[in-house]
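Chemist: Take this structure, written in C-alpha coordinates, and hold onto it; I'll ask about it next.
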Protein chains: 2
Amino acid sequence: MLQIYTGNGKGKTTAALGLGLRAVGAGKRVLLIQFLKDGQSSEVKAIKKIPGFDYRNFGKKGFINKNNLTKKDFDLAEQSFNFAQKALKSRKYDCIILDEINIVLGLELLKTDDLIKLIKTIPPKTEIILTGRNAPKKLIQIADLVTEMKEIKHYFKKGVKARKGIEY
Amino acid sequence: MLQIYTGNGKGKTTAALGLGLRAVGAGKRVLLIQFLKDGQSSEVKAIKKIPGFDYRNFGKKGFINKNNLTKKDFDLAEQSFNFAQKALKSRKYDCIILDEINIVLGLELLKTDDLIKLIKTIPPKTEIILTGRNAPKKLIQIADLVTEMKEIKHYFKKGVKARKGIEY
(Lines give C-alpha, C1' and ligand atoms only; values in the text may rest on other atoms or scores of the structure.)
Protein backbone atom coordinates (compact mmCIF):
# COMPACT_ATOMS: atom_id res chain seq x y z
CA MET A 1 0.00 0.00 0.00
CA LEU A 2 1.17 3.49 -0.83
CA GLN A 3 0.51 6.26 1.70
CA ILE A 4 1.33 9.93 1.14
CA TYR A 5 1.50 12.68 3.76
CA THR A 6 1.73 16.08 2.13
CA GLY A 7 0.57 19.68 2.65
CA ASN A 8 2.01 22.81 4.27
CA GLY A 9 1.20 21.98 7.90
CA LYS A 10 3.26 20.40 10.68
CA GLY A 11 2.82 16.66 11.11
CA LYS A 12 4.01 14.92 7.95
CA THR A 13 7.33 13.48 9.09
CA THR A 14 6.01 12.92 12.60
CA ALA A 15 2.98 10.99 11.23
CA ALA A 16 5.38 8.75 9.31
CA LEU A 17 7.54 8.32 12.44
CA GLY A 18 4.50 7.44 14.53
CA LEU A 19 3.35 4.93 11.94
CA GLY A 20 6.82 3.39 12.00
CA LEU A 21 6.67 3.15 15.79
CA ARG A 22 3.25 1.49 15.64
CA ALA A 23 4.44 -0.95 12.97
CA VAL A 24 7.49 -1.90 15.03
CA GLY A 25 5.19 -2.46 18.01
CA ALA A 26 3.31 -5.01 15.88
CA GLY A 27 6.57 -6.80 15.06
CA LYS A 28 6.93 -5.32 11.58
CA ARG A 29 10.34 -4.43 10.21
CA VAL A 30 10.59 -0.74 9.40
CA LEU A 31 13.11 1.33 7.45
CA LEU A 32 13.15 5.11 7.54
CA ILE A 33 15.10 6.80 4.78
CA GLN A 34 15.42 10.54 5.31
CA PHE A 35 16.18 12.56 2.18
CA LEU A 36 17.81 16.00 2.35
CA LYS A 37 18.39 15.60 6.09
CA ASP A 38 21.72 15.46 7.87
CA GLY A 39 20.74 12.73 10.33
CA GLN A 40 21.00 15.05 13.34
CA SER A 41 17.27 15.26 14.11
CA SER A 42 16.32 14.12 17.61
CA GLU A 43 14.05 11.35 16.32
CA VAL A 44 17.12 9.59 14.90
CA LYS A 45 18.61 9.17 18.38
CA ALA A 46 15.39 7.54 19.59
CA ILE A 47 14.97 5.32 16.52
CA LYS A 48 18.50 3.96 16.72
CA LYS A 49 17.63 2.39 20.08
CA ILE A 50 14.51 0.64 18.76
CA PRO A 51 15.10 -2.92 17.50
CA GLY A 52 13.48 -3.51 14.10
CA PHE A 53 13.50 0.19 13.15
CA ASP A 54 16.34 0.83 10.71
CA TYR A 55 17.50 4.24 9.63
CA ARG A 56 19.48 5.81 6.82
CA ASN A 57 19.83 9.40 5.70
CA PHE A 58 21.04 11.09 2.56
CA GLY A 59 21.61 14.78 2.84
CA LYS A 60 23.81 17.53 3.98
CA LYS A 61 23.56 20.41 6.42
CA GLY A 62 21.41 23.38 5.45
CA PHE A 63 18.41 23.82 3.17
CA ILE A 64 18.58 23.43 -0.55
CA ASN A 65 16.36 25.07 -3.12
CA LYS A 66 16.04 25.23 -6.90
CA ASN A 67 18.65 27.99 -7.09
CA ASN A 68 21.49 26.46 -5.12
CA LEU A 69 21.59 22.87 -6.41
CA THR A 70 25.04 21.39 -6.91
CA LYS A 71 26.36 18.19 -8.45
CA LYS A 72 26.62 16.80 -4.91
CA ASP A 73 22.85 17.12 -4.51
CA PHE A 74 22.25 15.13 -7.68
CA ASP A 75 24.79 12.50 -6.60
CA LEU A 76 23.14 12.18 -3.17
CA ALA A 77 19.71 11.86 -4.80
CA GLU A 78 20.97 9.09 -7.07
CA GLN A 79 22.59 7.27 -4.14
CA SER A 80 19.43 7.57 -2.09
CA PHE A 81 17.26 6.25 -4.92
CA ASN A 82 19.58 3.28 -5.44
CA PHE A 83 19.50 2.58 -1.71
CA ALA A 84 15.69 2.83 -1.57
CA GLN A 85 15.41 0.58 -4.60
CA LYS A 86 17.61 -2.10 -3.03
CA ALA A 87 15.74 -1.87 0.27
CA LEU A 88 12.34 -2.15 -1.40
CA LYS A 89 13.40 -5.08 -3.57
CA SER A 90 15.14 -6.88 -0.68
CA ARG A 91 11.77 -7.78 0.91
CA LYS A 92 13.52 -7.24 4.23
CA TYR A 93 11.07 -4.56 5.33
CA ASP A 94 7.30 -4.49 5.88
CA CYS A 95 7.22 -0.71 5.94
CA ILE A 96 9.55 1.74 4.21
CA ILE A 97 9.30 5.47 4.82
CA LEU A 98 10.77 7.82 2.23
CA ASP A 99 10.81 11.03 4.26
CA GLU A 100 10.82 14.31 2.27
CA ILE A 101 10.97 12.49 -1.06
CA ASN A 102 8.28 14.82 -2.42
CA ILE A 103 10.73 17.70 -1.99
CA VAL A 104 13.41 15.75 -3.87
CA LEU A 105 10.94 15.19 -6.71
CA GLY A 106 9.89 18.84 -6.67
CA LEU A 107 13.53 19.88 -7.02
CA GLU A 108 13.79 17.46 -9.96
CA LEU A 109 16.71 15.70 -8.32
CA LEU A 110 14.82 12.48 -9.04
CA LYS A 111 12.16 11.69 -11.63
CA THR A 112 8.65 10.95 -10.41
CA ASP A 113 8.23 8.42 -13.23
CA ASP A 114 11.26 6.45 -12.00
CA LEU A 115 9.81 6.30 -8.49
CA ILE A 116 6.41 5.21 -9.82
CA LYS A 117 8.05 2.51 -11.93
CA LEU A 118 9.84 1.23 -8.83
CA ILE A 119 6.73 1.32 -6.61
CA LYS A 120 4.79 -0.71 -9.18
CA THR A 121 7.26 -3.59 -8.79
CA ILE A 122 6.69 -3.82 -5.01
CA PRO A 123 4.00 -6.19 -3.64
CA PRO A 124 1.06 -4.28 -2.10
CA LYS A 125 1.60 -5.88 1.34
CA THR A 126 4.68 -3.69 1.70
CA GLU A 127 3.69 -0.35 3.18
CA ILE A 128 5.40 2.53 1.40
CA ILE A 129 5.11 5.93 3.09
CA LEU A 130 6.06 9.12 1.26
CA THR A 131 6.24 12.53 2.90
CA GLY A 132 6.92 16.14 1.95
CA ARG A 133 5.09 19.16 0.63
CA ASN A 134 3.69 19.33 -2.88
CA ALA A 135 3.35 15.62 -3.65
CA PRO A 136 3.31 15.22 -7.44
CA LYS A 137 -0.18 14.63 -8.91
CA LYS A 138 1.00 11.44 -10.60
CA LEU A 139 1.91 9.98 -7.21
CA ILE A 140 -1.39 11.01 -5.66
CA GLN A 141 -3.16 9.23 -8.50
CA ILE A 142 -1.53 5.88 -7.74
CA ALA A 143 -1.59 6.23 -3.92
CA ASP A 144 -3.94 4.20 -1.73
CA LEU A 145 -4.08 6.87 0.97
CA VAL A 146 -3.31 10.58 0.88
CA THR A 147 -3.60 13.00 3.79
CA GLU A 148 -3.05 16.70 3.34
CA MET A 149 -1.61 18.25 6.47
CA LYS A 150 -3.17 21.67 6.22
CA GLU A 151 -1.79 24.53 8.27
CA ILE A 152 -4.60 26.23 10.15
CA LYS A 153 -2.28 28.02 12.58
CA HIS A 154 1.47 27.84 13.14
CA TYR A 155 3.61 29.41 15.86
CA PHE A 156 6.32 30.12 13.27
CA LYS A 157 4.06 32.98 12.15
CA LYS A 158 4.36 34.45 15.65
CA GLY A 159 8.15 34.36 15.31
CA VAL A 160 8.78 31.15 17.25
CA LYS A 161 11.92 29.44 15.94
CA ALA A 162 12.24 25.70 15.23
CA ARG A 163 12.85 23.91 18.54
CA LYS A 164 15.03 20.87 19.23
CA GLY A 165 12.87 17.87 20.14
CA ILE A 166 9.78 19.48 18.59
CA GLU A 167 10.70 20.46 15.01
CA TYR A 168 13.99 18.57 14.69
CA MET B 1 2.75 25.59 23.66
CA LEU B 2 -0.53 24.05 22.63
CA GLN B 3 -0.62 21.99 19.43
CA ILE B 4 -3.78 20.48 17.92
CA TYR B 5 -4.00 17.77 15.27
CA THR B 6 -7.53 17.44 13.96
CA GLY B 7 -9.41 16.66 10.73
CA ASN B 8 -10.88 13.56 9.09
CA GLY B 9 -7.67 12.15 7.60
CA LYS B 10 -5.21 9.53 8.83
CA GLY B 11 -2.18 10.86 10.69
CA LYS B 12 -3.38 12.63 13.85
CA THR B 13 -2.43 10.09 16.51
CA THR B 14 0.66 9.02 14.55
CA ALA B 15 1.84 12.66 14.28
CA ALA B 16 1.53 12.95 18.06
CA LEU B 17 3.39 9.65 18.51
CA GLY B 18 6.15 10.79 16.17
CA LEU B 19 6.45 14.07 18.00
CA GLY B 20 6.72 12.14 21.26
CA LEU B 21 9.46 9.97 19.77
CA ARG B 22 11.38 13.05 18.59
CA ALA B 23 11.00 14.73 21.99
CA VAL B 24 12.29 11.62 23.79
CA GLY B 25 15.24 11.58 21.39
CA ALA B 26 16.07 15.10 22.58
CA GLY B 27 15.98 13.95 26.21
CA LYS B 28 12.53 15.36 26.94
CA ARG B 29 10.12 13.51 29.23
CA VAL B 30 6.92 12.56 27.42
CA LEU B 31 3.56 11.28 28.60
CA LEU B 32 0.97 9.88 26.24
CA ILE B 33 -2.56 9.64 27.62
CA GLN B 34 -4.91 7.79 25.28
CA PHE B 35 -8.59 8.51 25.79
CA LEU B 36 -11.29 6.06 24.68
CA LYS B 37 -8.66 3.47 23.81
CA ASP B 38 -8.19 0.07 25.40
CA GLY B 39 -4.39 0.17 25.44
CA GLN B 40 -4.08 -2.68 22.95
CA SER B 41 -2.77 -0.64 20.01
CA SER B 42 0.60 -1.74 18.67
CA GLU B 43 2.24 1.61 19.41
CA VAL B 44 1.76 0.96 23.12
CA LYS B 45 4.03 -2.10 22.97
CA ALA B 46 6.77 -0.04 21.35
CA ILE B 47 6.37 2.95 23.68
CA LYS B 48 6.59 0.83 26.83
CA LYS B 49 10.15 -0.11 25.86
CA ILE B 50 11.27 3.50 25.40
CA PRO B 51 12.78 5.11 28.52
CA GLY B 52 11.32 8.56 29.18
CA PHE B 53 8.09 7.86 27.26
CA ASP B 54 5.29 7.16 29.75
CA TYR B 55 1.89 5.84 28.84
CA ARG B 56 -1.57 5.65 30.33
CA ASN B 57 -4.92 4.85 28.79
CA PHE B 58 -8.51 5.38 29.81
CA GLY B 59 -11.04 3.52 27.79
CA LYS B 60 -12.79 0.29 27.07
CA LYS B 61 -13.10 -2.05 24.13
CA GLY B 62 -15.32 -0.97 21.25
CA PHE B 63 -16.41 2.39 19.89
CA ILE B 64 -18.65 4.73 21.77
CA ASN B 65 -20.97 7.34 20.30
CA LYS B 66 -23.53 9.85 21.49
CA ASN B 67 -26.24 7.18 21.60
CA ASN B 68 -24.55 4.49 23.67
CA LEU B 69 -22.91 6.48 26.47
CA THR B 70 -23.07 4.89 29.91
CA LYS B 71 -22.19 6.03 33.43
CA LYS B 72 -18.91 4.13 33.03
CA ASP B 73 -17.92 6.41 30.14
CA PHE B 74 -18.51 9.51 32.26
CA ASP B 75 -16.57 7.95 35.16
CA LEU B 76 -13.64 7.09 32.87
CA ALA B 77 -13.65 10.61 31.44
CA GLU B 78 -13.55 12.10 34.91
CA GLN B 79 -10.70 9.78 35.96
CA SER B 80 -8.76 10.62 32.81
CA PHE B 81 -9.19 14.35 33.33
CA ASN B 82 -8.04 14.09 36.93
CA PHE B 83 -5.02 12.08 35.82
CA ALA B 84 -4.16 14.57 33.05
CA GLN B 85 -4.55 17.44 35.49
CA LYS B 86 -2.18 15.85 38.00
CA ALA B 87 0.34 15.03 35.27
CA LEU B 88 0.25 18.55 33.84
CA LYS B 89 0.58 20.16 37.25
CA SER B 90 3.35 17.78 38.37
CA ARG B 91 5.87 19.49 36.04
CA LYS B 92 7.29 15.99 35.53
CA TYR B 93 6.78 16.10 31.76
CA ASP B 94 8.03 18.37 28.98
CA CYS B 95 5.44 17.07 26.55
CA ILE B 96 1.98 15.66 27.27
CA ILE B 97 -0.16 14.15 24.54
CA LEU B 98 -3.91 13.92 25.11
CA ASP B 99 -4.80 11.49 22.32
CA GLU B 100 -8.43 11.60 21.09
CA ILE B 101 -9.41 14.20 23.67
CA ASN B 102 -11.30 16.13 20.97
CA ILE B 103 -13.65 13.15 20.64
CA VAL B 104 -14.20 13.11 24.41
CA LEU B 105 -15.11 16.81 24.27
CA GLY B 106 -17.37 16.24 21.25
CA LEU B 107 -19.23 13.54 23.18
CA GLU B 108 -19.57 16.03 26.06
CA LEU B 109 -17.95 13.58 28.45
CA LEU B 110 -15.72 16.48 29.49
CA LYS B 111 -16.24 20.23 29.24
CA THR B 112 -14.03 22.20 26.86
CA ASP B 113 -14.06 25.12 29.30
CA ASP B 114 -12.60 22.92 32.05
CA LEU B 115 -9.78 21.80 29.76
CA ILE B 116 -9.07 25.39 28.70
CA LYS B 117 -9.01 26.50 32.32
CA LEU B 118 -6.48 23.74 33.07
CA ILE B 119 -4.28 24.52 30.04
CA LYS B 120 -4.11 28.19 31.04
CA THR B 121 -2.44 27.21 34.34
CA ILE B 122 0.40 25.33 32.56
CA PRO B 123 3.63 27.20 31.68
CA PRO B 124 4.06 27.63 27.91
CA LYS B 125 7.37 25.69 27.88
CA THR B 126 5.31 22.53 28.42
CA GLU B 127 4.21 21.14 25.08
CA ILE B 128 0.57 20.04 25.15
CA ILE B 129 -0.61 18.00 22.15
CA LEU B 130 -4.31 17.37 21.54
CA THR B 131 -5.63 15.02 18.86
CA GLY B 132 -8.96 13.88 17.47
CA ARG B 133 -11.52 14.95 14.91
CA ASN B 134 -13.64 18.05 15.29
CA ALA B 135 -11.47 20.05 17.66
CA PRO B 136 -13.74 22.59 19.43
CA LYS B 137 -13.42 26.15 18.06
CA LYS B 138 -12.63 27.51 21.51
CA LEU B 139 -9.55 25.27 21.66
CA ILE B 140 -8.42 26.26 18.17
CA GLN B 141 -8.63 29.89 19.26
CA ILE B 142 -6.18 29.43 22.14
CA ALA B 143 -3.86 26.97 20.32
CA ASP B 144 -0.37 27.96 19.13
CA LEU B 145 -0.40 25.44 16.27
CA VAL B 146 -3.26 23.67 14.52
CA THR B 147 -2.93 21.22 11.64
CA GLU B 148 -5.98 19.83 9.89
CA MET B 149 -5.32 16.32 8.62
CA LYS B 150 -7.50 16.37 5.54
CA GLU B 151 -8.46 13.13 3.86
CA ILE B 152 -7.71 13.35 0.16
CA LYS B 153 -7.89 9.59 -0.39
CA HIS B 154 -8.34 6.65 2.00
CA TYR B 155 -8.14 2.93 1.34
CA PHE B 156 -11.04 2.38 3.77
CA LYS B 157 -13.23 3.68 0.94
CA LYS B 158 -12.00 0.77 -1.19
CA GLY B 159 -13.10 -1.65 1.53
CA VAL B 160 -9.69 -2.16 3.18
CA LYS B 161 -10.15 -2.98 6.87
CA ALA B 162 -8.09 -1.45 9.70
CA ARG B 163 -4.77 -3.32 9.89
CA LYS B 164 -2.71 -4.21 12.96
CA GLY B 165 0.52 -2.22 13.00
CA ILE B 166 -0.86 0.35 10.57
CA GLU B 167 -4.17 1.59 12.02
CA TYR B 168 -3.89 0.15 15.54
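Ordering of the C-alpha coordinates sets the chain letters (A, B, ...), residue numbers begin anew at 1 in every chain, and ligands are numbered from 1 in the order given.
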Near Ile166 in chain A, counting only C-alpha atoms, which residues have an atom at most 8 Å away, once you skip same-chain residues fewer than 6 positions from it, shown as a ChimeraX atom specification?
Modeler: /B:19,22-23
Chemist: Among range 99-158 of chain A, which ones does DSSP assign to strand (DSSP E or B) (computed from the backbone)? Answer as a list in words.
Modeler: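 Here are the strand (DSSP E or B) residues of range 99-158 of chain A: Asp99, Glu127, Ile128, Ile129, Leu130, Thr131, Leu145, Val146, Thr147, Glu148, Met149, Lys150, Glu151, Ile152 and Lys153 of chain A.
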Chemist: Taking only C-alpha atoms into account, which residues of chain A are within 7 Å of chain B, as a PyMOL selection string?
Modeler: chain A and resi 9-11+14-15+17-19+21-26+42-43+45-46+144-155+164-166
Chemist: Extract, using only C-alpha atoms, all DNA, RNA and protein residues at most 10 Å from range 98-102 of chain B, discarding same-chain residues fewer than 4 positions from it, and format them as a tab-separated table (two decimals) with N, CA, C and O atoms, in the first residue's frame.
Modeler:
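Result file is selection38.tsv:
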chain	number	residue	atom	x	y	z
B	4	ILE	N	-2.58	21.29	18.18
B	4	ILE	CA	-3.78	20.48	17.92
B	4	ILE	C	-3.68	19.81	16.56
B	4	ILE	O	-3.39	20.48	15.56
B	5	TYR	N	-3.91	18.51	16.54
B	5	TYR	CA	-4.00	17.77	15.27
B	5	TYR	C	-5.43	17.26	15.13
B	5	TYR	O	-5.87	16.44	15.92
B	6	THR	N	-6.12	17.79	14.13
B	6	THR	CA	-7.53	17.44	13.96
B	6	THR	C	-7.81	17.13	12.49
B	6	THR	O	-6.88	17.00	11.70
B	12	LYS	N	-3.32	11.78	12.66
B	12	LYS	CA	-3.38	12.63	13.85
B	12	LYS	C	-2.64	11.98	15.03
B	12	LYS	O	-1.71	12.57	15.58
B	13	THR	N	-3.08	10.78	15.39
B	13	THR	CA	-2.43	10.09	16.51
B	13	THR	C	-0.98	9.79	16.16
B	13	THR	O	-0.08	9.97	17.00
B	14	THR	N	-0.73	9.36	14.92
B	14	THR	CA	0.66	9.02	14.55
B	14	THR	C	1.55	10.27	14.59
B	14	THR	O	2.71	10.17	14.98
B	16	ALA	N	1.25	12.72	16.64
B	16	ALA	CA	1.53	12.95	18.06
B	16	ALA	C	2.56	11.94	18.56
B	16	ALA	O	3.48	12.28	19.31
B	17	LEU	N	2.42	10.69	18.12
B	17	LEU	CA	3.39	9.65	18.51
B	17	LEU	C	4.79	10.00	18.02
B	17	LEU	O	5.77	9.86	18.73
B	31	LEU	N	4.67	12.12	28.12
B	31	LEU	CA	3.56	11.28	28.60
B	31	LEU	C	2.48	11.25	27.54
B	31	LEU	O	2.04	12.30	27.06
B	32	LEU	N	2.09	10.05	27.16
B	32	LEU	CA	0.97	9.88	26.24
B	32	LEU	C	-0.22	9.35	27.03
B	32	LEU	O	-0.14	8.29	27.65
B	33	ILE	N	-1.30	10.12	27.03
B	33	ILE	CA	-2.56	9.64	27.62
B	33	ILE	C	-3.53	9.37	26.47
B	33	ILE	O	-3.84	10.27	25.69
B	34	GLN	N	-3.94	8.12	26.34
B	34	GLN	CA	-4.91	7.79	25.28
B	34	GLN	C	-6.30	7.69	25.89
B	34	GLN	O	-6.55	6.87	26.77
B	35	PHE	N	-7.20	8.53	25.37
B	35	PHE	CA	-8.59	8.51	25.79
B	35	PHE	C	-9.37	7.55	24.90
B	35	PHE	O	-9.06	7.42	23.70
B	36	LEU	N	-10.37	6.91	25.44
B	36	LEU	CA	-11.29	6.06	24.68
B	36	LEU	C	-10.59	4.87	24.02
B	36	LEU	O	-11.15	4.26	23.12
B	37	LYS	N	-9.39	4.57	24.44
B	37	LYS	CA	-8.66	3.47	23.81
B	37	LYS	C	-8.34	2.42	24.87
B	37	LYS	O	-8.12	2.75	26.04
B	57	ASN	N	-3.69	4.78	29.60
B	57	ASN	CA	-4.92	4.85	28.79
B	57	ASN	C	-6.16	4.81	29.67
B	57	ASN	O	-6.15	4.25	30.78
B	77	ALA	N	-14.05	9.27	31.89
B	77	ALA	CA	-13.65	10.61	31.44
B	77	ALA	C	-13.20	11.45	32.63
B	77	ALA	O	-12.18	12.15	32.55
B	80	SER	N	-9.82	10.25	33.75
B	80	SER	CA	-8.76	10.62	32.81
B	80	SER	C	-8.43	12.09	32.95
B	80	SER	O	-7.26	12.48	32.91
B	81	PHE	N	-9.44	12.92	33.16
B	81	PHE	CA	-9.19	14.35	33.33
B	81	PHE	C	-8.39	14.61	34.60
B	81	PHE	O	-7.44	15.39	34.61
B	84	ALA	N	-4.83	13.59	33.92
B	84	ALA	CA	-4.16	14.57	33.05
B	84	ALA	C	-3.81	15.82	33.83
B	84	ALA	O	-2.72	16.39	33.70
B	106	GLY	N	-16.23	16.28	22.18
B	106	GLY	CA	-17.37	16.24	21.25
B	106	GLY	C	-18.53	15.43	21.81
B	106	GLY	O	-19.70	15.74	21.56
B	107	LEU	N	-18.20	14.39	22.57
B	107	LEU	CA	-19.23	13.54	23.18
B	107	LEU	C	-19.78	14.18	24.47
B	107	LEU	O	-20.67	13.61	25.12
B	108	GLU	N	-19.21	15.31	24.83
B	108	GLU	CA	-19.57	16.03	26.06
B	108	GLU	C	-19.37	15.20	27.31
B	108	GLU	O	-20.08	15.35	28.30
B	109	LEU	N	-18.35	14.34	27.25
B	109	LEU	CA	-17.95	13.58	28.45
B	109	LEU	C	-17.11	14.48	29.35
B	109	LEU	O	-17.02	14.26	30.56
B	110	LEU	N	-16.46	15.45	28.74
B	110	LEU	CA	-15.72	16.48	29.49
B	110	LEU	C	-16.10	17.83	28.91
B	110	LEU	O	-16.51	17.92	27.75
B	112	THR	N	-15.14	21.47	27.49
B	112	THR	CA	-14.03	22.20	26.86
B	112	THR	C	-13.54	23.32	27.77
B	112	THR	O	-12.33	23.54	27.89
B	115	LEU	N	-11.10	22.09	30.33
B	115	LEU	CA	-9.78	21.80	29.76
B	115	LEU	C	-9.02	23.10	29.51
B	115	LEU	O	-7.83	23.20	29.83
B	128	ILE	N	1.82	20.79	24.98
B	128	ILE	CA	0.57	20.04	25.15
B	128	ILE	C	0.03	19.73	23.76
B	128	ILE	O	-0.17	20.64	22.95
B	129	ILE	N	-0.17	18.43	23.48
B	129	ILE	CA	-0.61	18.00	22.15
B	129	ILE	C	-2.00	17.39	22.27
B	129	ILE	O	-2.18	16.43	23.03
B	130	LEU	N	-2.95	17.91	21.53
B	130	LEU	CA	-4.31	17.37	21.54
B	130	LEU	C	-4.61	16.77	20.18
B	130	LEU	O	-4.27	17.36	19.15
B	131	THR	N	-5.25	15.61	20.16
B	131	THR	CA	-5.63	15.02	18.86
B	131	THR	C	-7.11	14.64	18.85
B	131	THR	O	-7.77	14.59	19.90
B	132	GLY	N	-7.58	14.34	17.66
B	132	GLY	CA	-8.96	13.88	17.47
B	132	GLY	C	-9.72	14.79	16.51
B	132	GLY	O	-9.41	15.97	16.37
B	133	ARG	N	-10.69	14.18	15.83
B	133	ARG	CA	-11.52	14.95	14.91
B	133	ARG	C	-12.29	16.06	15.61
B	133	ARG	O	-12.55	15.96	16.80
B	134	ASN	N	-12.72	17.01	14.82
B	134	ASN	CA	-13.64	18.05	15.29
B	134	ASN	C	-13.18	18.77	16.56
B	134	ASN	O	-13.91	18.85	17.55
B	135	ALA	N	-11.95	19.26	16.52
B	135	ALA	CA	-11.47	20.05	17.66
B	135	ALA	C	-12.42	21.22	17.88
B	135	ALA	O	-12.81	21.92	16.94
B	136	PRO	N	-12.83	21.47	19.14
B	136	PRO	CA	-13.74	22.59	19.43
B	136	PRO	C	-13.10	23.94	19.03
B	136	PRO	O	-11.89	24.12	19.21
B	139	LEU	N	-10.91	25.77	21.50
B	139	LEU	CA	-9.55	25.27	21.66
B	139	LEU	C	-8.65	25.77	20.54
B	139	LEU	O	-7.50	26.14	20.76
Chemist: How many Å lie between CA of Phe63 in chain A and CA of Lys137 in chain A, rounded to one decimal?
Modeler: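 So the answer is 24.0 Å.
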Chemist: Which of range 3-167 of chain A counts as helix (DSSP H, G or I) under DSSP, as a PyMOL selection string please?
Modeler: chain A and resi 12-25+42-47+71-90+101-106+112-120+137-142+155-158
Chemist: For Phe83 in chain A, which of A:Thr70, A:Ala162, A:Ile116, A:Arg56 is the closest residue, counting only C-alpha atoms?
Modeler: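 Of all the options, A:Arg56 lies closest to Phe83 in chain A.
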Chemist: Please compute the CA of Ile103 in chain B-CA of Gly52 in chain B distance, one decimal, in Å.
Modeler: 26.8 Å
Chemist: Work out how far CA of Lys120 in chain B is from CA of Ala87 in chain B, in Å to one decimal.
Modeler: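 Going from CA of Ala87 in chain B over to CA of Lys120 in chain B, I get 14.5 Å.
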